[in-house]
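Novice: target.txt is reproduced in full below (compact mmCIF, C-alpha atoms and all ligand atoms).
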```
# COMPACT_ATOMS: atom_id res chain seq x y z
CA MET F 1388 55.50 40.77 24.19
CA ALA F 1389 58.95 41.91 25.24
CA THR F 1390 61.76 43.73 23.50
CA GLY F 1391 65.04 41.91 22.80
CA TRP F 1392 68.48 43.30 23.66
CA ASN F 1393 71.91 42.08 22.59
CA PHE F 1394 75.22 43.17 24.06
CA HIS F 1395 78.55 41.44 24.65
CA GLU F 1396 81.51 42.78 26.63
CA LEU F 1397 83.87 41.75 23.81
CA TYR F 1398 82.26 44.36 21.53
CA LEU F 1399 84.08 46.93 23.67
CA TRP F 1400 87.44 45.18 23.30
CA HIS F 1401 87.67 45.74 19.52
CA ASP F 1402 90.73 48.01 19.35
CA THR F 1403 90.87 50.86 16.84
CA GLY F 1404 94.13 52.20 18.29
CA ARG F 1405 95.24 55.80 18.70
CA ALA F 1406 94.21 58.61 16.34
CA ALA F 1407 93.23 62.24 16.02
CA LEU F 1408 89.50 61.50 15.46
CA PHE F 1409 90.34 59.06 12.65
CA TYR F 1410 93.71 60.18 11.30
CA PRO F 1411 96.66 58.05 12.43
CA PRO F 1412 99.11 59.90 14.63
CA GLY F 1413 102.39 61.24 13.26
CA LEU F 1414 104.96 63.85 14.09
CA THR F 1415 102.43 66.59 13.34
CA ILE F 1416 99.28 64.75 14.48
CA GLU F 1417 99.16 64.20 18.23
CA PRO F 1418 97.86 60.76 19.22
CA GLY F 1419 94.45 60.81 20.88
CA GLU F 1420 91.38 58.61 21.14
CA HIS F 1421 90.03 57.17 17.90
CA ALA F 1422 86.51 58.50 17.22
CA GLU F 1423 85.20 54.92 16.99
CA ASN F 1424 86.24 53.77 20.45
CA ALA F 1425 84.30 51.79 23.02
CA ASP F 1426 83.14 54.72 25.17
CA THR F 1427 79.92 55.68 23.38
CA LYS F 1428 78.62 52.14 23.42
CA ARG F 1429 79.77 51.43 26.98
CA ARG F 1430 77.99 54.54 28.22
CA PHE F 1431 74.80 53.65 26.27
CA LYS F 1432 74.84 50.20 27.87
CA ASN F 1433 75.57 51.75 31.28
CA LEU F 1434 72.70 54.27 31.05
CA MET F 1435 70.38 51.43 30.03
CA GLU F 1436 71.34 49.64 33.25
CA VAL F 1437 71.14 52.72 35.46
CA SER F 1438 67.67 53.51 34.04
CA GLY F 1439 66.44 50.03 35.00
CA LEU F 1440 65.40 49.30 31.41
CA THR F 1441 67.88 46.50 30.64
CA GLU F 1442 66.39 44.19 33.26
CA GLN F 1443 62.96 44.59 31.64
CA LEU F 1444 64.22 43.39 28.27
CA VAL F 1445 64.90 39.89 26.95
CA SER F 1446 68.65 39.37 26.79
CA LEU F 1447 69.60 37.66 23.51
CA LYS F 1448 72.87 35.78 23.35
CA SER F 1449 75.50 36.46 20.65
CA THR F 1450 76.77 33.48 18.71
CA ALA F 1451 79.56 34.30 16.27
CA VAL F 1452 78.65 33.91 12.61
CA SER F 1453 80.78 31.50 10.57
CA ASP F 1454 82.96 32.19 7.55
CA GLU F 1455 80.18 30.62 5.44
CA ASP F 1456 77.72 33.12 6.86
CA LEU F 1457 80.09 35.99 6.06
CA ALA F 1458 80.68 34.64 2.57
CA ARG F 1459 77.02 35.15 1.64
CA PHE F 1460 78.04 38.82 1.37
CA HIS F 1461 81.84 39.11 1.60
CA SER F 1462 84.51 37.76 -0.71
CA LYS F 1463 86.51 34.79 0.60
CA ASP F 1464 89.78 36.67 0.02
CA TYR F 1465 88.63 39.58 2.14
CA ILE F 1466 87.46 37.31 4.98
CA ALA F 1467 90.79 35.44 4.90
CA ARG F 1468 92.78 38.69 4.98
CA ILE F 1469 90.92 40.08 8.01
CA LYS F 1470 91.22 36.72 9.77
CA ALA F 1471 94.99 36.51 9.14
CA ASP F 1472 95.72 40.11 10.20
CA SER F 1473 93.48 39.75 13.27
CA SER F 1474 95.32 36.62 14.42
CA ALA F 1475 98.60 38.57 14.12
CA CYS F 1476 98.77 42.16 15.41
CA GLY F 1477 95.78 43.57 13.55
CA GLY F 1478 95.75 45.75 10.45
CA GLU F 1479 93.51 47.94 8.34
CA ALA F 1480 90.32 46.81 6.58
CA SER F 1481 91.13 49.77 4.28
CA PRO F 1482 92.91 53.04 5.03
CA LEU F 1483 91.43 54.70 8.16
CA THR F 1484 89.63 51.51 9.27
CA PRO F 1485 92.11 49.98 11.72
CA PHE F 1486 91.56 46.91 13.85
CA GLY F 1487 93.52 45.02 16.46
CA HIS F 1488 94.34 41.49 17.47
CA GLY F 1489 91.11 39.48 17.85
CA SER F 1490 88.90 41.90 15.94
CA TYR F 1491 87.91 39.17 13.46
CA GLU F 1492 86.33 37.13 16.25
CA ILE F 1493 84.68 40.22 17.74
CA ALA F 1494 83.28 41.29 14.35
CA CYS F 1495 81.85 37.77 13.85
CA LEU F 1496 80.23 38.10 17.28
CA ALA F 1497 78.77 41.51 16.31
CA ALA F 1498 77.21 40.09 13.13
CA GLY F 1499 76.00 37.17 15.26
CA GLY F 1500 74.41 39.55 17.78
CA THR F 1501 72.59 41.31 14.95
CA TYR F 1502 71.42 37.93 13.68
CA ALA F 1503 70.31 36.83 17.17
CA VAL F 1504 67.96 39.81 17.45
CA MET F 1505 66.70 39.37 13.87
CA ASP F 1506 66.10 35.66 14.46
CA ALA F 1507 64.18 36.35 17.69
CA VAL F 1508 62.01 38.95 15.94
CA LEU F 1509 61.32 36.68 12.95
CA SER F 1510 60.50 33.68 15.12
CA GLY F 1511 58.19 35.76 17.32
CA ALA F 1512 60.23 35.21 20.49
CA VAL F 1513 60.31 38.99 20.99
CA ALA F 1514 58.20 41.82 19.59
CA ASN F 1515 61.15 43.89 18.44
CA GLY F 1516 64.77 44.38 19.48
CA TYR F 1517 68.12 46.13 19.42
CA ALA F 1518 71.66 44.82 18.97
CA LEU F 1519 74.20 47.14 20.63
CA VAL F 1520 77.10 45.76 18.62
CA ARG F 1521 80.61 46.90 17.71
CA PRO F 1522 82.36 47.11 15.26
CA PRO F 1523 79.60 48.71 13.20
CA GLY F 1524 78.70 47.37 9.75
CA HIS F 1525 76.85 49.62 7.32
CA HIS F 1526 79.90 50.87 5.37
CA ALA F 1527 81.46 47.41 4.81
CA GLU F 1528 81.44 46.34 1.16
CA ALA F 1529 81.81 42.80 -0.18
CA ALA F 1530 85.58 42.95 -0.68
CA GLN F 1531 86.60 45.70 1.71
CA GLY F 1532 85.75 47.10 5.10
CA MET F 1533 85.64 50.88 5.39
CA GLY F 1534 84.30 53.68 7.59
CA PHE F 1535 85.26 51.80 10.80
CA CYS F 1536 83.22 48.76 9.64
CA LEU F 1537 84.71 45.29 9.09
CA PHE F 1538 81.75 43.10 8.13
CA GLY F 1539 78.23 44.05 7.05
CA ASN F 1540 76.37 43.01 10.19
CA ILE F 1541 72.93 43.62 8.72
CA PRO F 1542 73.48 42.18 5.20
CA VAL F 1543 75.10 39.08 6.74
CA ALA F 1544 72.17 38.70 9.17
CA ILE F 1545 69.50 39.17 6.46
CA LEU F 1546 71.19 36.70 4.10
CA LYS F 1547 71.56 34.14 6.90
CA ALA F 1548 67.92 34.65 7.97
CA ARG F 1549 66.75 33.98 4.41
CA GLY F 1550 67.97 30.42 4.76
CA VAL F 1551 66.17 29.90 8.08
CA HIS F 1552 62.91 31.87 8.03
CA GLU F 1553 60.10 32.31 5.53
CA PHE F 1554 59.91 35.91 4.37
CA ASP F 1555 59.96 37.74 1.06
CA ARG F 1556 60.67 41.36 1.76
CA VAL F 1557 62.84 43.33 4.18
CA ALA F 1558 63.10 47.12 4.37
CA THR F 1559 66.13 48.82 5.90
CA VAL F 1560 65.87 52.41 7.16
CA ASP F 1561 69.36 53.76 7.89
CA TRP F 1562 69.31 56.92 10.04
CA ASP F 1563 73.06 57.06 10.64
CA VAL F 1564 74.36 60.47 9.48
CA HIS F 1565 76.60 58.74 6.91
CA HIS F 1566 75.35 57.00 3.79
CA GLY F 1567 74.65 53.27 4.24
CA ASN F 1568 76.77 52.30 1.23
CA GLY F 1569 77.44 48.73 2.34
CA THR F 1570 73.79 47.84 2.83
CA GLU F 1571 72.98 49.58 -0.46
CA SER F 1572 75.62 47.65 -2.39
CA ALA F 1573 74.65 44.30 -0.82
CA PHE F 1574 71.11 44.56 -2.15
CA TYR F 1575 71.49 46.95 -5.10
CA GLU F 1576 70.12 44.40 -7.58
CA ASP F 1577 67.76 42.69 -5.14
CA PRO F 1578 64.08 43.74 -5.00
CA GLY F 1579 63.71 41.56 -1.88
CA VAL F 1580 65.38 44.24 0.22
CA LEU F 1581 64.29 47.88 0.04
CA THR F 1582 67.25 49.93 1.25
CA ILE F 1583 66.58 53.48 2.45
CA SER F 1584 69.29 55.81 3.75
CA LEU F 1585 68.85 59.27 5.26
CA HIS F 1586 72.20 61.00 5.53
CA GLN F 1587 74.08 64.27 5.45
CA GLU F 1588 74.67 65.07 1.79
CA GLY F 1589 78.24 64.53 0.62
CA LEU F 1590 79.64 63.53 4.03
CA TYR F 1591 80.86 59.92 3.72
CA PRO F 1592 81.69 57.94 1.70
CA PRO F 1593 82.76 60.46 -0.94
CA ASN F 1594 80.55 60.55 -4.03
CA ARG F 1595 77.99 58.08 -2.64
CA GLY F 1596 74.42 58.37 -1.45
CA HIS F 1597 72.99 60.34 -4.36
CA ALA F 1598 69.21 60.40 -4.83
CA ALA F 1599 69.79 59.24 -8.42
CA ASP F 1600 71.25 55.90 -7.18
CA ARG F 1601 68.06 53.85 -7.20
CA GLY F 1602 69.15 50.26 -7.67
CA LYS F 1603 69.94 48.20 -10.75
CA GLY F 1604 68.38 45.41 -12.79
CA LYS F 1605 65.58 43.74 -10.84
CA GLY F 1606 66.53 45.95 -7.90
CA GLU F 1607 65.84 49.18 -9.76
CA GLY F 1608 63.58 51.39 -7.71
CA TYR F 1609 64.37 49.54 -4.47
CA ASN F 1610 67.15 51.80 -3.21
CA ILE F 1611 66.16 55.19 -1.87
CA ASN F 1612 68.73 57.77 -0.84
CA ILE F 1613 67.62 60.88 1.00
CA PRO F 1614 70.65 63.18 1.11
CA LEU F 1615 69.86 66.08 3.45
CA PRO F 1616 71.79 69.36 3.63
CA ALA F 1617 74.16 69.86 6.57
CA GLY F 1618 72.34 71.60 9.39
CA SER F 1619 69.12 69.61 9.07
CA GLY F 1620 67.31 69.11 12.36
CA HIS F 1621 64.22 67.57 13.95
CA GLY F 1622 61.74 69.06 11.46
CA ALA F 1623 63.68 67.94 8.39
CA TYR F 1624 64.04 64.36 9.59
CA LEU F 1625 60.38 64.03 10.60
CA ALA F 1626 59.33 65.50 7.24
CA ALA F 1627 61.63 63.04 5.44
CA PHE F 1628 59.94 60.22 7.35
CA GLU F 1629 56.42 61.46 6.62
CA ARG F 1630 57.04 62.30 2.96
CA VAL F 1631 59.45 59.55 1.85
CA VAL F 1632 60.22 56.79 4.36
CA LEU F 1633 56.67 55.95 5.45
CA PRO F 1634 55.14 56.18 1.93
CA ALA F 1635 57.94 53.90 0.69
CA LEU F 1636 57.31 51.38 3.46
CA TYR F 1637 53.54 51.35 2.93
CA LYS F 1638 54.04 50.83 -0.80
CA TYR F 1639 56.63 48.09 -0.35
CA LYS F 1640 54.87 46.21 2.47
CA PRO F 1641 57.93 44.56 4.05
CA ASP F 1642 57.83 41.46 6.24
CA MET F 1643 60.32 43.09 8.63
CA ILE F 1644 61.86 46.55 9.12
CA VAL F 1645 65.56 46.76 10.00
CA VAL F 1646 67.31 49.93 11.17
CA PRO F 1647 71.05 50.50 10.86
CA SER F 1648 70.97 52.78 13.89
CA GLY F 1649 73.65 55.44 14.18
CA PHE F 1650 73.35 58.40 16.50
CA ASP F 1651 75.88 60.60 14.71
CA GLY F 1652 73.06 62.79 13.38
CA SER F 1653 72.85 64.29 16.87
CA ALA F 1654 73.58 67.93 17.63
CA ALA F 1655 76.55 66.86 19.75
CA ASP F 1656 78.34 64.66 17.23
CA PRO F 1657 81.95 65.46 16.33
CA LEU F 1658 81.73 63.88 12.84
CA GLY F 1659 78.26 64.90 11.64
CA ARG F 1660 76.75 68.33 11.13
CA MET F 1661 73.08 67.64 11.84
CA MET F 1662 71.06 68.74 14.87
CA LEU F 1663 68.98 65.80 16.07
CA TYR F 1664 68.20 65.17 19.71
CA SER F 1665 66.76 62.33 21.75
CA GLU F 1666 63.13 63.19 21.00
CA THR F 1667 63.84 63.06 17.25
CA TYR F 1668 65.03 59.47 17.60
CA ARG F 1669 62.02 58.70 19.83
CA HIS F 1670 59.64 60.07 17.16
CA MET F 1671 61.33 58.21 14.31
CA THR F 1672 61.16 54.97 16.34
CA ARG F 1673 57.48 55.59 17.10
CA MET F 1674 56.73 56.06 13.39
CA LEU F 1675 58.60 52.91 12.38
CA LYS F 1676 56.97 50.93 15.17
CA ALA F 1677 53.51 52.03 14.01
CA ALA F 1678 54.38 51.17 10.39
CA ALA F 1679 55.69 47.76 11.46
CA ALA F 1680 52.47 47.14 13.44
CA ASP F 1681 50.40 47.99 10.35
CA LEU F 1682 52.52 46.16 7.81
CA CYS F 1683 54.38 43.22 9.34
CA GLY F 1684 53.11 42.15 12.74
CA GLY F 1685 55.36 44.69 14.48
CA ARG F 1686 58.60 43.05 13.29
CA LEU F 1687 61.21 45.78 13.79
CA MET F 1688 64.86 45.39 14.77
CA MET F 1689 67.87 47.68 14.95
CA SER F 1690 71.63 47.15 14.89
CA HIS F 1691 73.99 49.79 16.23
CA GLU F 1692 76.16 51.74 13.79
CA GLY F 1693 77.91 55.11 14.36
CA GLY F 1694 77.53 57.89 16.91
CA TYR F 1695 80.61 59.54 18.40
CA SER F 1696 79.46 61.77 21.22
CA ALA F 1697 80.16 59.67 24.30
CA ALA F 1698 78.13 62.11 26.42
CA TYR F 1699 75.03 62.25 24.23
CA VAL F 1700 74.61 58.93 22.37
CA PRO F 1701 73.31 57.21 25.55
CA TYR F 1702 70.31 59.56 25.81
CA CYS F 1703 69.41 59.14 22.12
CA GLY F 1704 69.76 55.38 22.49
CA LEU F 1705 67.68 55.26 25.66
CA ALA F 1706 64.85 57.19 23.93
CA VAL F 1707 64.82 54.58 21.14
CA MET F 1708 64.82 51.72 23.63
CA GLU F 1709 62.03 53.25 25.74
CA GLU F 1710 59.93 53.60 22.61
CA LEU F 1711 60.65 50.06 21.38
CA ALA F 1712 59.82 48.59 24.80
CA ASP F 1713 56.95 51.00 25.51
CA ILE F 1714 58.46 51.71 28.93
CA LYS F 1715 59.29 55.27 30.08
CA THR F 1716 62.09 55.27 32.62
CA ALA F 1717 62.72 58.07 35.13
CA VAL F 1718 65.81 59.25 33.21
CA ASP F 1719 65.56 62.67 31.59
CA ASP F 1720 67.83 63.87 28.77
CA PRO F 1721 69.82 66.69 30.39
CA PHE F 1722 70.73 68.13 26.96
CA LEU F 1723 67.19 68.14 25.55
CA GLU F 1724 66.23 71.73 26.23
CA GLU F 1725 69.46 73.12 24.81
CA TYR F 1726 69.55 71.07 21.60
CA ALA F 1727 65.79 71.23 20.92
CA GLY F 1728 66.05 75.00 21.33
CA TYR F 1729 68.67 75.49 18.63
CA PRO F 1730 67.44 77.81 15.86
CA GLY F 1731 66.80 75.90 12.64
CA GLN F 1732 65.22 72.80 14.17
CA GLU F 1733 62.08 73.36 12.07
CA LEU F 1734 61.96 72.29 8.40
CA ARG F 1735 63.62 74.86 6.12
CA PRO F 1736 62.70 75.35 2.41
CA TRP F 1737 65.98 73.99 1.01
CA GLN F 1738 65.59 70.90 3.16
CA ALA F 1739 61.99 70.47 1.94
CA ASP F 1740 63.33 70.65 -1.64
CA ALA F 1741 65.78 67.82 -0.99
CA ILE F 1742 63.00 65.73 0.55
CA ALA F 1743 60.67 66.46 -2.37
CA ALA F 1744 63.37 65.32 -4.81
CA ALA F 1745 63.64 61.99 -2.97
CA ALA F 1746 59.84 61.66 -2.77
CA SER F 1747 59.57 62.07 -6.55
CA LEU F 1748 61.43 58.77 -6.98
CA LEU F 1749 59.00 56.56 -5.04
CA GLY F 1750 57.33 55.33 -8.23
CA GLY F 1751 59.90 52.57 -8.69
CA ILE F 1752 58.51 50.51 -5.82
CA LYS F 1753 56.01 47.85 -6.88
ZN ZN F 1801 77.96 57.20 10.77
```
Kindly return the structure encoded in the file as structure tokens.
Ligand code: ZN
Specialist:
Amino acid sequence: MATGWNFHELYLWHDTGRAALFYPPGLTIEPGEHAENADTKRRFKNLMEVSGLTEQLVSLKSTAVSDEDLARFHSKDYIARIKADSSACGGEASPLTPFGHGSYEIACLAAGGTYAVMDAVLSGAVANGYALVRPPGHHAEAAQGMGFCLFGNIPVAILKARGVHEFDRVATVDWDVHHGNGTESAFYEDPGVLTISLHQEGLYPPNRGHAADRGKGKGEGYNINIPLPAGSGHGAYLAAFERVVLPALYKYKPDMIVVPSGFDGSAADPLGRMMLYSETYRHMTRMLKAAAADLCGGRLMMSHEGGYSAAYVPYCGLAVMEELADIKTAVDDPFLEEYAGYPGQELRPWQADAIAAAASLLGGIK
């Protein structure tokens, strides 16, 4: 069975304006490209086409989610504010999360694209799939967007899917270099969604993503944070998968695995300080695909989040897509030898300690 793929040109038209990485320009900050601009995603989509992989996938159409769909996660006041600012000249979902005219509609389309892939996976129309959406979603909280995210694409899609499909348990595995605070907060008291986030310790948001944050009430034990020290590479991430992520998934036995997929853990990223490369993402995908085959009929879907190296994200993304589709294209990663050869790619003791601390908290999953 085929792999699903969602993309829409409008995702690239979401306008984050001018910035120095993410700081607004001023008399001492020269205007440049905002870190979260369309280039990374456009080039990922372009490499997919050049590789010949796109035409071997099932194209899944985006349908914008409604305000009612958004309101399963977001507050009505917040939705109304984004909608009003978007219909004028744009605004800020919170400081440092700017958006332009029309971004409300584009964000609804992005959540809809995530839902389209999830729906196709749950209904069995495709084996697995990827939504290459923008704006991203995993930092958006109920009453405020943040971290370049307007609406929680994945929480909105999961909550919508609950009303359409029969399933009890979803596991999210967020490999974006930043903490998946929005997904965490959406399901913090909900044992029906196991949220797992691997991220660079203390990066963003401030004071979030601690291993001690494990969920609350009925959801206690069903949130797992794996904060990894800056400088972690291939060995640390694979060890975190083998020692925490996979044991958690096999204990939880989800009906579907969902990945908030950011590529800002790569060695080339301007915002993150990790050292991953395309083969790391390929390996992590392979492990999740095998777990999904064992646990939930292969149901695995991903929705695009961060990743700010326009040159490198496409090769990491292509590796994931090749693995999902089980098709190896003729494209080689030109950066692979250099990044894989960096000293420190193997697991280091202080990284193993951080992983062991997260592994010690697996007992909360029933
Ligand atoms: Zn990120």
Novice: Name the closest residue to F:Ala1635 among the candidates F:Tyr1609, F:Tyr1502, F:Trp1737, F:Phe1650; distances are taken between atoms, counting only C-alpha atoms.
Specialist: F:Tyr1609
Novice: Name the residues in contact with F:Asp1555 at a cut-off of 9 Å, using all atoms listed in the file, excluding same-chain residues fewer than 3 positions from it; report them as a count of residues only.
Specialist: 5
Novice: Kindly assemble as a Markdown table a list of the stretch 1496-1608 of chain F residues that lie within 12 Å of stretch 1696-1708 of chain F, each paired with its nearest atom pair and their distance in Å to one decimal, using only C-alpha atoms, sorted first by chain and then by ascending residue number.
Specialist:
```
| residue | atom | partner | partner_atom | distance |
| --- | --- | --- | --- | --- |
| F:Asn1515 | CA | F:Met1708 | CA | 10.1 |
| F:Gly1516 | CA | F:Met1708 | CA | 8.4 |
| F:Tyr1517 | CA | F:Met1708 | CA | 7.7 |
| F:Ala1518 | CA | F:Met1708 | CA | 10.8 |
| F:Leu1519 | CA | F:Gly1704 | CA | 9.5 |
| F:Asp1563 | CA | F:Val1700 | CA | 12.0 |
```
Novice: I'd like the contact shell of F:Ala1712 - 12 Å cut-off, all atoms listed in the file, skipping same-chain residues fewer than 2 positions apart - returned as a PyMOL selection string.
Specialist: chain F and resi 1388-1392+1440-1445+1513-1517+1669+1672-1673+1676+1685+1687-1688+1705-1710+1714-1716
Novice: Produce a file of the selected residues containing C-alpha atoms, as a PDB file, in the coordinates of the input.
Specialist:
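Saved to selection12.pdb:
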```
ATOM      1  CA  MET F1388      55.500  40.770  24.190  1.00  0.00           C
ATOM      2  CA  ALA F1389      58.950  41.910  25.240  1.00  0.00           C
ATOM      3  CA  THR F1390      61.760  43.730  23.500  1.00  0.00           C
ATOM      4  CA  GLY F1391      65.040  41.910  22.800  1.00  0.00           C
ATOM      5  CA  TRP F1392      68.480  43.300  23.660  1.00  0.00           C
ATOM      6  CA  LEU F1440      65.400  49.300  31.410  1.00  0.00           C
ATOM      7  CA  THR F1441      67.880  46.500  30.640  1.00  0.00           C
ATOM      8  CA  GLU F1442      66.390  44.190  33.260  1.00  0.00           C
ATOM      9  CA  GLN F1443      62.960  44.590  31.640  1.00  0.00           C
ATOM     10  CA  LEU F1444      64.220  43.390  28.270  1.00  0.00           C
ATOM     11  CA  VAL F1445      64.900  39.890  26.950  1.00  0.00           C
ATOM     12  CA  VAL F1513      60.310  38.990  20.990  1.00  0.00           C
ATOM     13  CA  ALA F1514      58.200  41.820  19.590  1.00  0.00           C
ATOM     14  CA  ASN F1515      61.150  43.890  18.440  1.00  0.00           C
ATOM     15  CA  GLY F1516      64.770  44.380  19.480  1.00  0.00           C
ATOM     16  CA  TYR F1517      68.120  46.130  19.420  1.00  0.00           C
ATOM     17  CA  ARG F1669      62.020  58.700  19.830  1.00  0.00           C
ATOM     18  CA  THR F1672      61.160  54.970  16.340  1.00  0.00           C
ATOM     19  CA  ARG F1673      57.480  55.590  17.100  1.00  0.00           C
ATOM     20  CA  LYS F1676      56.970  50.930  15.170  1.00  0.00           C
ATOM     21  CA  GLY F1685      55.360  44.690  14.480  1.00  0.00           C
ATOM     22  CA  LEU F1687      61.210  45.780  13.790  1.00  0.00           C
ATOM     23  CA  MET F1688      64.860  45.390  14.770  1.00  0.00           C
ATOM     24  CA  LEU F1705      67.680  55.260  25.660  1.00  0.00           C
ATOM     25  CA  ALA F1706      64.850  57.190  23.930  1.00  0.00           C
ATOM     26  CA  VAL F1707      64.820  54.580  21.140  1.00  0.00           C
ATOM     27  CA  MET F1708      64.820  51.720  23.630  1.00  0.00           C
ATOM     28  CA  GLU F1709      62.030  53.250  25.740  1.00  0.00           C
ATOM     29  CA  GLU F1710      59.930  53.600  22.610  1.00  0.00           C
ATOM     30  CA  ILE F1714      58.460  51.710  28.930  1.00  0.00           C
ATOM     31  CA  LYS F1715      59.290  55.270  30.080  1.00  0.00           C
ATOM     32  CA  THR F1716      62.090  55.270  32.620  1.00  0.00           C
TER      33      THR F1716
END
```
Novice: Let me make sure I understand: among F:His1621, F:His1552, F:His1401, F:Lys1470, which one has the smallest atom-to-atom distance to F:Gly1731 if we use all atoms listed in the file?
Specialist: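 Residue with the minimum atom-to-atom distance to F:Gly1731: F:His1621.
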Novice: Measuring atom to atom with only C-alpha atoms and all ligand atoms, identify which of F:Phe1628, F:Phe1486, F:Phe1574, F:Tyr1695 is nearest to ligand ZN 1801 (chain F).
Specialist: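 Under the stated criterion, the closest residue is F:Tyr1695.
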Novice: Could you work out how far atom CA of F:Ala1558 lies from atom CA of F:Asn1594, giving the answer in Å with one decimal?
Specialist: 23.6 Å
Novice: Kindly provide, as a list of chain:residue names, all nucleotide and amino acid residues lying within 7 Å of ligand ZN 1801 (chain F), counting only C-alpha atoms and all ligand atoms.
Specialist: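 Sorted by chain and then by number, the residues are F:Asp1563, F:Val1564, F:His1565, F:Gly1649, F:Asp1651, F:Glu1692, F:Gly1693, F:Gly1694.
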Novice: Residues at most 8 Å from F:Gly1478, counting only C-alpha atoms, excluding those fewer than 6 positions away in the same chain, as a PyMOL selection string?
Specialist: chain F and resi 1469+1472+1485-1487
Novice: Name the closest residue to F:Ala1458 among the candidates F:Leu1399, F:Leu1408, F:Phe1431, F:Val1543; distances are taken between atoms, counting only C-alpha atoms.
Specialist: F:Val1543
Novice: Could you please determine the separation between atom CA of F:Gly1489 and atom CA of F:Tyr1398 in Å, to one decimal place?
Specialist: 10.8 Å
Novice: Identify which of the residues F:Ile1611, F:Val1508, F:Ala1451, F:Met1533 lies closest to F:Tyr1575, counting only C-alpha atoms when measuring atom-to-atom distances.
Specialist: F:Ile1611
Novice: Choose the residue, out of F:Leu1711, F:Ala1746, F:Ala1717, F:Leu1663, that has the smallest atom-to-atom separation from F:Tyr1729; count only C-alpha atoms.
Specialist: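 The answer is F:Leu1663, which sits nearest to F:Tyr1729.
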Novice: Identify the residues within 10 Å of coordinate (57.0, 51.1, 10.9) (same frame as the file), considering only C-alpha atoms, and give the answer as a ChimeraX atom specification.
Specialist: /F:1558,1560,1632-1633,1636-1637,1640-1641,1643-1645,1671-1687
Novice: Please tabulate, as a tab-separated table, the residues of stretch 1527-1631 of chain F that come within 12 Å of stretch 1410-1428 of chain F, each with its closest pair of atoms and the distance in Å to one decimal, counting only C-alpha atoms and ordering rows by chain, then residue number upward.
Specialist:
```
residue	atom	partner	partner_atom	distance
F:Gly1534	CA	F:Glu1423	CA	9.5
F:Phe1535	CA	F:Glu1423	CA	6.9
F:Cys1536	CA	F:Glu1423	CA	9.8
```
Novice: What's the separation between atom CA of F:Gly1524 and atom CA of F:Gly1539, in Å to one decimal place?
Specialist: 4.3 Å
